[in-house]
file target-v9.cif (mmCIF, C-alpha atoms and all ligand atoms)
data_coords
loop_
_atom_site.label_atom_id
_atom_site.label_comp_id
_atom_site.auth_asym_id
_atom_site.auth_seq_id
_atom_site.Cartn_x
_atom_site.Cartn_y
_atom_site.Cartn_z
CA MET A 1 30.55 53.63 94.14
CA LYS A 2 33.34 55.41 95.98
CA THR A 3 34.90 58.64 94.81
CA ILE A 4 38.52 59.39 95.54
CA PHE A 5 39.96 62.85 94.96
CA SER A 6 43.42 64.26 95.55
CA GLY A 7 45.86 66.74 94.08
CA ILE A 8 49.38 68.13 94.03
CA GLN A 9 50.49 71.71 93.41
CA PRO A 10 52.77 72.21 90.39
CA SER A 11 54.74 74.67 92.48
CA GLY A 12 58.20 73.14 92.39
CA ASN A 13 59.94 69.81 92.07
CA LEU A 14 57.95 66.81 93.29
CA HIS A 15 59.92 65.02 95.98
CA ILE A 16 59.84 61.70 97.79
CA GLY A 17 57.57 63.22 100.48
CA ASN A 18 54.91 63.82 97.81
CA TYR A 19 55.53 60.34 96.45
CA ILE A 20 55.33 58.53 99.80
CA GLY A 21 52.54 60.64 101.32
CA ALA A 22 50.34 60.93 98.24
CA LEU A 23 51.28 59.53 94.82
CA ARG A 24 52.23 56.02 95.95
CA GLN A 25 48.96 55.75 97.89
CA TRP A 26 47.01 56.83 94.81
CA VAL A 27 48.67 54.19 92.64
CA ASN A 28 47.95 51.50 95.23
CA LEU A 29 44.31 52.56 95.43
CA GLN A 30 43.99 52.63 91.66
CA ASN A 31 45.49 49.17 91.29
CA SER A 32 43.77 47.41 94.16
CA GLU A 33 41.35 44.91 92.70
CA SER A 34 38.55 45.60 95.16
CA LYS A 35 38.71 49.35 94.70
CA ILE A 36 39.04 49.62 90.97
CA GLN A 37 35.64 48.14 90.16
CA ASN A 38 33.87 50.39 92.59
CA SER A 39 35.79 53.64 92.52
CA GLU A 40 35.98 56.79 90.53
CA LEU A 41 39.40 58.39 90.95
CA PHE A 42 40.29 62.03 90.30
CA PHE A 43 43.86 63.26 90.49
CA CYS A 44 44.13 66.97 89.95
CA ILE A 45 47.05 69.30 89.24
CA VAL A 46 46.08 72.18 91.49
CA ASP A 47 47.57 75.19 89.72
CA LEU A 48 45.20 77.73 91.33
CA HIS A 49 46.61 76.66 94.68
CA ALA A 50 50.17 77.04 93.36
CA ILE A 51 49.72 80.76 92.63
CA THR A 52 48.95 81.53 96.28
CA VAL A 53 52.72 81.98 96.55
CA PRO A 54 54.74 83.76 93.82
CA GLN A 55 55.41 81.67 90.68
CA ASP A 56 57.30 82.44 87.48
CA PRO A 57 54.54 82.11 84.82
CA ARG A 58 56.74 80.28 82.30
CA VAL A 59 58.05 77.85 84.88
CA LEU A 60 54.54 77.19 86.19
CA LYS A 61 53.21 76.28 82.73
CA GLY A 62 56.05 73.82 82.25
CA LYS A 63 55.54 72.32 85.71
CA ILE A 64 51.88 71.55 84.96
CA LEU A 65 52.88 69.16 82.17
CA GLU A 66 55.85 67.89 84.19
CA VAL A 67 53.56 66.94 87.09
CA THR A 68 51.12 65.29 84.66
CA ALA A 69 53.98 63.20 83.24
CA LEU A 70 55.16 62.35 86.76
CA TYR A 71 51.68 61.18 87.77
CA ILE A 72 51.70 58.81 84.80
CA ALA A 73 55.33 57.76 85.29
CA SER A 74 54.56 56.94 88.93
CA GLY A 75 51.78 54.59 87.83
CA ILE A 76 48.61 56.67 87.49
CA ASP A 77 46.86 55.18 84.49
CA PRO A 78 44.66 57.68 82.62
CA LYS A 79 42.40 54.78 81.59
CA LYS A 80 41.61 54.08 85.23
CA SER A 81 41.93 57.56 86.80
CA HIS A 82 40.87 61.01 85.67
CA ILE A 83 43.76 63.48 85.56
CA PHE A 84 43.01 67.16 84.99
CA VAL A 85 44.19 70.70 85.69
CA GLN A 86 42.23 72.61 88.32
CA SER A 87 42.12 75.96 86.49
CA GLU A 88 40.75 74.22 83.39
CA ASN A 89 37.53 73.60 85.29
CA PRO A 90 36.20 76.96 86.53
CA ASP A 91 33.64 75.23 88.78
CA HIS A 92 36.35 74.92 91.45
CA ALA A 93 36.88 78.66 91.81
CA GLU A 94 33.16 79.35 91.60
CA LEU A 95 32.19 76.94 94.36
CA ALA A 96 35.08 78.28 96.47
CA TRP A 97 33.54 81.75 96.23
CA ILE A 98 30.20 80.45 97.47
CA LEU A 99 31.83 78.47 100.28
CA ASN A 100 33.73 81.63 101.30
CA THR A 101 30.45 83.13 102.37
CA ILE A 102 29.88 80.45 105.01
CA THR A 103 33.51 80.15 106.17
CA PRO A 104 34.29 81.72 109.54
CA PHE A 105 37.30 84.03 109.32
CA GLY A 106 38.63 82.73 112.64
CA GLN A 107 38.71 79.15 111.42
CA LEU A 108 41.01 80.05 108.52
CA GLU A 109 43.23 82.02 110.90
CA ARG A 110 43.84 78.80 112.82
CA MET A 111 45.14 76.84 109.80
CA THR A 112 48.73 75.86 110.60
CA GLN A 113 49.79 75.79 106.94
CA PHE A 114 48.65 79.41 106.56
CA LYS A 115 50.57 80.40 109.69
CA ASP A 116 53.72 78.69 108.33
CA LYS A 117 53.49 80.00 104.79
CA SER A 118 52.55 83.55 105.75
CA GLN A 119 55.80 83.76 107.68
CA LYS A 120 57.78 82.80 104.58
CA HIS A 121 55.86 84.89 102.00
CA GLU A 122 53.93 88.14 102.02
CA ALA A 123 50.47 86.83 102.90
CA ASN A 124 47.82 87.45 100.25
CA VAL A 125 44.09 86.78 100.43
CA GLY A 126 44.49 83.71 98.18
CA LEU A 127 46.92 82.11 100.61
CA PHE A 128 44.46 82.75 103.43
CA ASP A 129 41.62 81.29 101.36
CA TYR A 130 43.64 78.26 100.16
CA PRO A 131 41.73 75.75 102.35
CA VAL A 132 38.34 76.90 101.03
CA LEU A 133 39.45 76.26 97.44
CA MET A 134 40.66 72.86 98.57
CA ALA A 135 37.25 72.18 100.18
CA SER A 136 35.65 73.13 96.90
CA ASP A 137 37.90 70.70 94.94
CA ILE A 138 36.81 67.88 97.20
CA LEU A 139 33.11 68.66 97.65
CA LEU A 140 32.35 69.20 93.95
CA TYR A 141 32.77 65.48 93.26
CA ASP A 142 30.91 63.92 96.22
CA THR A 143 34.28 62.64 97.36
CA ASP A 144 34.34 59.84 99.91
CA GLU A 145 38.07 59.65 100.54
CA VAL A 146 41.02 61.99 100.16
CA PRO A 147 44.43 60.27 100.14
CA VAL A 148 46.98 62.83 101.40
CA GLY A 149 49.95 63.27 103.71
CA GLU A 150 49.48 64.10 107.37
CA ASP A 151 49.96 67.86 106.79
CA GLN A 152 46.59 68.09 105.00
CA LYS A 153 44.47 66.67 107.81
CA GLN A 154 43.41 70.05 109.16
CA HIS A 155 42.26 71.17 105.68
CA ILE A 156 40.08 68.08 105.33
CA GLU A 157 38.57 68.71 108.75
CA LEU A 158 37.65 72.20 107.57
CA THR A 159 36.17 70.69 104.40
CA ARG A 160 33.93 68.46 106.53
CA ASP A 161 32.90 71.41 108.69
CA LEU A 162 31.97 73.49 105.65
CA ALA A 163 30.01 70.61 104.12
CA GLU A 164 28.07 70.12 107.36
CA LYS A 165 27.41 73.82 107.69
CA PHE A 166 26.19 74.12 104.09
CA ASN A 167 23.98 71.03 104.46
CA SER A 168 22.37 72.30 107.64
CA LYS A 169 21.76 75.75 106.18
CA PHE A 170 20.58 74.80 102.68
CA GLY A 171 19.62 71.09 102.90
CA GLN A 172 21.59 67.90 102.18
CA THR A 173 24.01 68.69 99.31
CA PHE A 174 27.54 67.57 100.11
CA LYS A 175 29.02 64.24 101.21
CA LEU A 176 31.37 64.42 104.17
CA PRO A 177 34.80 63.26 102.95
CA MET A 178 37.26 61.25 105.01
CA PRO A 179 41.01 61.88 105.00
CA MET A 180 43.00 58.81 104.01
CA ILE A 181 46.35 59.10 105.72
CA GLN A 182 48.84 56.23 105.99
CA LYS A 183 49.70 54.97 109.44
CA ASP A 184 53.44 55.10 108.77
CA ALA A 185 55.50 57.61 106.79
CA ALA A 186 52.66 60.13 106.48
CA ARG A 187 55.00 63.06 107.17
CA ILE A 188 58.47 62.85 105.68
CA MET A 189 60.86 65.37 107.17
CA SER A 190 63.72 67.38 105.65
CA LEU A 191 66.97 65.41 105.35
CA GLN A 192 68.81 68.35 106.88
CA ASN A 193 66.39 69.41 109.60
CA PRO A 194 64.19 66.69 111.08
CA ALA A 195 62.01 69.34 112.74
CA SER A 196 60.69 70.64 109.42
CA LYS A 197 58.66 68.88 106.75
CA MET A 198 60.28 67.91 103.46
CA SER A 199 58.99 70.68 101.23
CA LYS A 200 59.14 71.74 97.57
CA SER A 201 60.02 75.26 98.66
CA ASP A 202 63.03 74.32 100.81
CA LYS A 203 65.99 76.45 99.72
CA ASP A 204 68.55 73.85 100.80
CA PRO A 205 68.92 71.37 97.92
CA LEU A 206 70.21 68.72 100.34
CA ALA A 207 66.91 68.76 102.27
CA THR A 208 64.78 67.01 99.65
CA ILE A 209 65.17 64.14 97.21
CA ASN A 210 63.32 65.05 94.05
CA LEU A 211 61.69 62.45 91.84
CA LEU A 212 63.85 63.60 88.94
CA ASP A 213 67.17 63.69 90.84
CA SER A 214 70.06 61.78 89.28
CA GLU A 215 71.53 58.70 90.94
CA GLU A 216 74.59 60.72 92.07
CA GLU A 217 72.38 63.39 93.62
CA ILE A 218 70.31 60.81 95.47
CA ARG A 219 73.39 59.06 96.86
CA GLU A 220 75.00 62.34 97.84
CA LYS A 221 71.86 63.58 99.63
CA ILE A 222 71.43 60.36 101.59
CA LYS A 223 75.12 60.37 102.50
CA LYS A 224 74.85 63.92 103.81
CA ALA A 225 71.48 63.41 105.54
CA VAL A 226 71.77 64.31 109.22
CA THR A 227 71.58 61.48 111.77
CA ASP A 228 72.88 61.81 115.34
CA SER A 229 76.01 61.09 117.33
CA GLY A 230 75.41 57.31 117.30
CA SER A 231 76.99 54.89 114.87
CA HIS A 232 74.67 51.86 114.81
CA ILE A 233 70.89 51.57 114.60
CA SER A 234 69.45 50.86 118.00
CA LYS A 235 65.87 51.15 119.20
CA ASP A 236 67.10 52.56 122.50
CA GLN A 237 68.46 55.75 121.05
CA GLY A 238 66.33 56.54 118.02
CA SER A 239 66.64 60.21 117.10
CA GLU A 240 64.05 62.01 114.98
CA ALA A 241 66.53 62.28 112.12
CA LEU A 242 67.18 58.56 112.08
CA SER A 243 63.47 57.72 112.45
CA ASN A 244 62.80 59.86 109.40
CA LEU A 245 65.32 57.88 107.33
CA ILE A 246 63.82 54.61 108.59
CA SER A 247 60.33 55.90 107.65
CA ILE A 248 61.56 56.55 104.13
CA TYR A 249 63.13 53.09 104.05
CA SER A 250 59.91 51.46 105.28
CA ALA A 251 57.89 53.20 102.57
CA PHE A 252 60.24 52.10 99.81
CA VAL A 253 60.32 48.47 100.99
CA ASN A 254 56.57 48.53 101.63
CA LYS A 255 56.87 47.39 105.24
CA SER A 256 55.72 48.85 108.52
CA PHE A 257 57.98 51.29 110.35
CA GLU A 258 58.28 48.90 113.30
CA GLY A 259 59.11 45.94 111.07
CA SER A 260 61.78 47.94 109.26
CA TYR A 261 63.33 49.11 112.52
CA ASP A 262 63.58 45.52 113.73
CA GLU A 263 65.12 44.43 110.46
CA LEU A 264 67.71 47.23 110.54
CA GLU A 265 68.67 46.96 114.23
CA GLY A 266 72.42 46.70 114.65
CA LYS A 267 73.37 47.91 111.17
CA SER A 268 75.91 50.73 111.00
CA TYR A 269 74.61 54.09 109.84
CA SER A 270 76.74 53.97 106.71
CA GLU A 271 75.62 50.45 105.85
CA PHE A 272 71.98 51.54 106.32
CA LYS A 273 72.46 54.67 104.21
CA THR A 274 73.85 52.59 101.34
CA LEU A 275 70.83 50.26 101.52
CA LEU A 276 68.46 53.23 101.60
CA ALA A 277 70.13 54.98 98.67
CA ASP A 278 70.03 51.73 96.62
CA LEU A 279 66.30 51.40 97.27
CA ILE A 280 65.47 54.98 96.35
CA VAL A 281 67.64 54.83 93.24
CA GLU A 282 65.91 51.62 92.15
CA THR A 283 62.39 53.06 92.43
CA LEU A 284 63.17 56.50 91.06
CA THR A 285 65.12 55.08 88.11
CA GLN A 286 61.99 53.20 87.03
CA ILE A 287 59.83 56.30 87.40
CA GLN A 288 62.38 58.40 85.50
CA LYS A 289 62.56 55.87 82.68
CA ARG A 290 58.79 56.10 82.16
CA TYR A 291 58.94 59.87 82.63
CA LYS A 292 61.48 60.21 79.80
CA GLU A 293 59.21 58.23 77.49
CA ILE A 294 56.15 60.39 78.13
CA ALA A 295 57.43 63.87 79.05
CA GLY A 296 58.17 64.90 75.46
CA GLU A 297 54.76 63.72 74.21
CA LYS A 298 53.06 67.04 74.86
CA SER A 299 50.06 66.41 72.65
CA ILE A 300 49.36 63.04 74.31
CA LEU A 301 49.61 64.66 77.75
CA LYS A 302 47.28 67.46 76.70
CA ASP A 303 44.76 64.96 75.32
CA ILE A 304 44.82 63.09 78.63
CA LEU A 305 44.22 66.34 80.53
CA GLU A 306 41.45 67.37 78.15
CA GLU A 307 39.68 64.04 78.57
CA GLY A 308 40.09 64.27 82.35
CA ARG A 309 38.71 67.80 82.38
CA GLU A 310 35.66 66.84 80.31
CA PHE A 311 34.85 63.99 82.65
CA ALA A 312 35.40 66.11 85.76
CA LYS A 313 33.43 69.06 84.44
CA ASP A 314 30.50 66.84 83.58
CA LYS A 315 30.26 65.76 87.20
CA SER A 316 31.14 69.05 88.92
CA SER A 317 28.78 71.21 86.85
CA LYS A 318 25.79 69.24 88.15
CA LYS A 319 26.88 69.75 91.74
CA LEU A 320 27.54 73.45 91.19
CA LEU A 321 24.12 73.94 89.63
CA GLU A 322 22.49 72.25 92.60
CA VAL A 323 24.45 74.52 94.97
CA LYS A 324 23.50 77.68 93.07
CA GLU A 325 19.85 76.69 93.08
CA LYS A 326 19.90 76.06 96.81
CA VAL A 327 21.64 79.35 97.56
CA GLY A 328 19.25 81.23 95.29
CA LEU A 329 21.77 82.47 92.76
CA GLY A 330 21.15 83.36 89.12
CA MET A 331 18.00 84.17 87.20
P1 LIG B 401 51.14 69.73 97.98
O1 LIG B 401 51.50 69.89 96.56
O2 LIG B 401 51.79 70.62 98.97
O3 LIG B 401 51.37 68.24 98.45
C1 LIG B 401 50.89 67.18 97.66
C2 LIG B 401 50.69 65.94 98.51
O4 LIG B 401 51.94 65.52 99.07
C3 LIG B 401 51.81 65.38 100.48
N1 LIG B 401 53.07 65.79 101.08
C4 LIG B 401 53.75 65.05 101.96
N2 LIG B 401 53.51 63.83 102.48
C5 LIG B 401 54.42 63.34 103.35
N3 LIG B 401 55.54 64.01 103.72
C6 LIG B 401 55.81 65.24 103.22
N4 LIG B 401 56.92 65.88 103.56
C7 LIG B 401 54.89 65.80 102.29
N5 LIG B 401 54.86 66.98 101.61
C8 LIG B 401 53.73 66.95 100.89
C9 LIG B 401 50.68 66.32 100.86
O5 LIG B 401 50.09 65.95 102.08
C10 LIG B 401 49.74 66.16 99.69
O6 LIG B 401 48.94 65.01 99.85
N6 LIG B 401 46.78 71.19 99.63
C11 LIG B 401 47.30 70.07 98.87
C12 LIG B 401 46.87 70.11 97.43
C13 LIG B 401 45.40 70.04 97.23
C14 LIG B 401 44.57 68.92 97.50
C15 LIG B 401 43.25 69.32 97.10
C16 LIG B 401 44.80 67.66 98.04
C17 LIG B 401 44.61 71.00 96.72
N7 LIG B 401 43.34 70.57 96.64
C18 LIG B 401 42.18 68.45 97.25
C19 LIG B 401 43.72 66.79 98.18
C20 LIG B 401 42.42 67.19 97.78
C21 LIG B 401 48.81 70.03 99.04
O7 LIG B 401 49.29 70.01 100.08
O8 LIG B 401 49.57 69.97 97.97
#

call {"tool": "encode", "arguments": {"input": "target-v9.cif", "output": "structure tokens", "more": "lines below"}}
Ligand code: TYM
result
Amino acid sequence: MKTIFSGIQPSGNLHIGNYIGALRQWVNLQNSESKIQNSELFFCIVDLHAITVPQDPRVLKGKILEVTALYIASGIDPKKSHIFVQSENPDHAELAWILNTITPFGQLERMTQFKDKSQKHEANVGLFDYPVLMASDILLYDTDEVPVGEDQKQHIELTRDLAEKFNSKFGQTFKLPMPMIQKDAARIMSLQNPASKMSKSDKDPLATINLLDSEEEIREKIKKAVTDSGSHISKDQGSEALSNLISIYSAFVNKSFEGSYDELEGKSYSEFKTLLADLIVETLTQIQKRYKEIAGEKSILKDILEEGREFAKDKSSKKLLEVKEKVGLGM
């Protein structure tokens, strides 16, 4: 049986980068006939990761349920996948502490996400340690595959290194997980600056399309998305900004980037932008419809999270006990 684990931070508004890079992949995995019979899927709301940068406590609490509802609205079925909140299972933080003691300081200093984020926020120890907590999330469940966007590759490499190091020091304990990153559209860029990743923390509202944006907002943001000085799509002069929009298009039509480019060749930028906005509106309207049905059902959402936590804890506690025994902890 294969185990799949992934998570999203409830640290802001989920956007189409999160949807294309992560959520959509999860739903496809969950619904693929061959996988479902042989997989155990865990989709976590990683709130302990979210507090590595400042959060308003009341907003954070609300976001945890919002992200849960968005998982479900996007197609995660709690009957097929286990959804839970990271801080509700203390095994994650406890294993992270143990893994800290075998993590080389220098390796964390090389993490590009830490370098980026520590320029934007006052760096705290939690932000530095973020990848070790992520390794703990993954290793606790004997995870085989981790479906994520391209930006998380380095963290999964660290996870593999830590697993190998622990295994060679204390004996075979952890499986080595593989990143599962899509070939196309694995890194969606800002609509205003194609050199930076589309991010929940972007201060420019025009840079991201959020899953809960209204139709007018979506159309406006696509209209104002930067392109280049050209006027028609041509493979000879593809700018990064245009490639990013074509990547988004390819994800929403479920085609390859190359195939989409061929299909769009010769269209005017404005014609293309209308097509793209129509597509995004169509998908997000469906997600928002389901979101509206479930978001107010707080007790149902909490029951789903409670059931997910119980299932997760049952599995992780065995792994943590094994780790503690091997390390020589406790009485
Ligand atoms: P987060 O919340 O920053 O991102 C959640 C997921 O969305 C993907 N993603 C993107 N994909 C494509 N283009 C983008 N612009 C874009 N922005 C974000 C991320 O790659 C990620 O898959 N560290 C993780 C959370 C985490 C986790 C884990 C993931 C904590 N523990 C264990 C997997 C397994 C993160 O980046 O969250």

call {"tool": "closest_residue", "arguments": {"input": "target-v9.cif", "among": "A:Ile102, A:Met331, A:Ala186, A:Ala69", "to": "ligand LIG 401 (chain B)", "atoms": "all atoms listed in the file"}}
result
A:Ala186

call {"tool": "closest_residue", "arguments": {"input": "target-v9.cif", "among": "A:Tyr261, A:Phe311, A:Phe42, A:Phe272", "to": "ligand LIG 401 (chain B)", "atoms": "all atoms listed in the file"}}
result
A:Phe42

call {"tool": "closest_residue", "arguments": {"input": "target-v9.cif", "among": "A:Ala207, A:Leu162, A:Ala22, A:Ile16", "to": "ligand LIG 401 (chain B)", "atoms": "all atoms listed in the file"}}
result
A:Ala22

call {"tool": "closest_residue", "arguments": {"input": "target-v9.cif", "among": "A:Glu145, A:Asp228, A:Glu282, A:Glu271", "to": "ligand LIG 401 (chain B)", "atoms": "all atoms listed in the file"}}
result
A:Glu145

call {"tool": "residues_around", "arguments": {"input": "target-v9.cif", "residues": "A:Pro54", "least_positions_apart": "5", "cutoff": "12 Å", "atoms": "all atoms listed in the file", "output": "list in words"}}
result
Ser11, Gly12, Asp47, Leu48, His49, Val59, Leu60, Lys117, Lys120, His121, Glu122, Ala123, Asn124, Gly126, Leu127 and Ser201 of chain A

call {"tool": "residues_around", "arguments": {"input": "target-v9.cif", "residues": "A:Ala96", "least_positions_apart": "2", "cutoff": "8 Å", "atoms": "all atoms listed in the file", "output": "list of chain:residue names"}}
result
A:His92, A:Ala93, A:Glu94, A:Ile98, A:Leu99, A:Asn100, A:Val132, A:Leu133, A:Ala135, A:Ser136
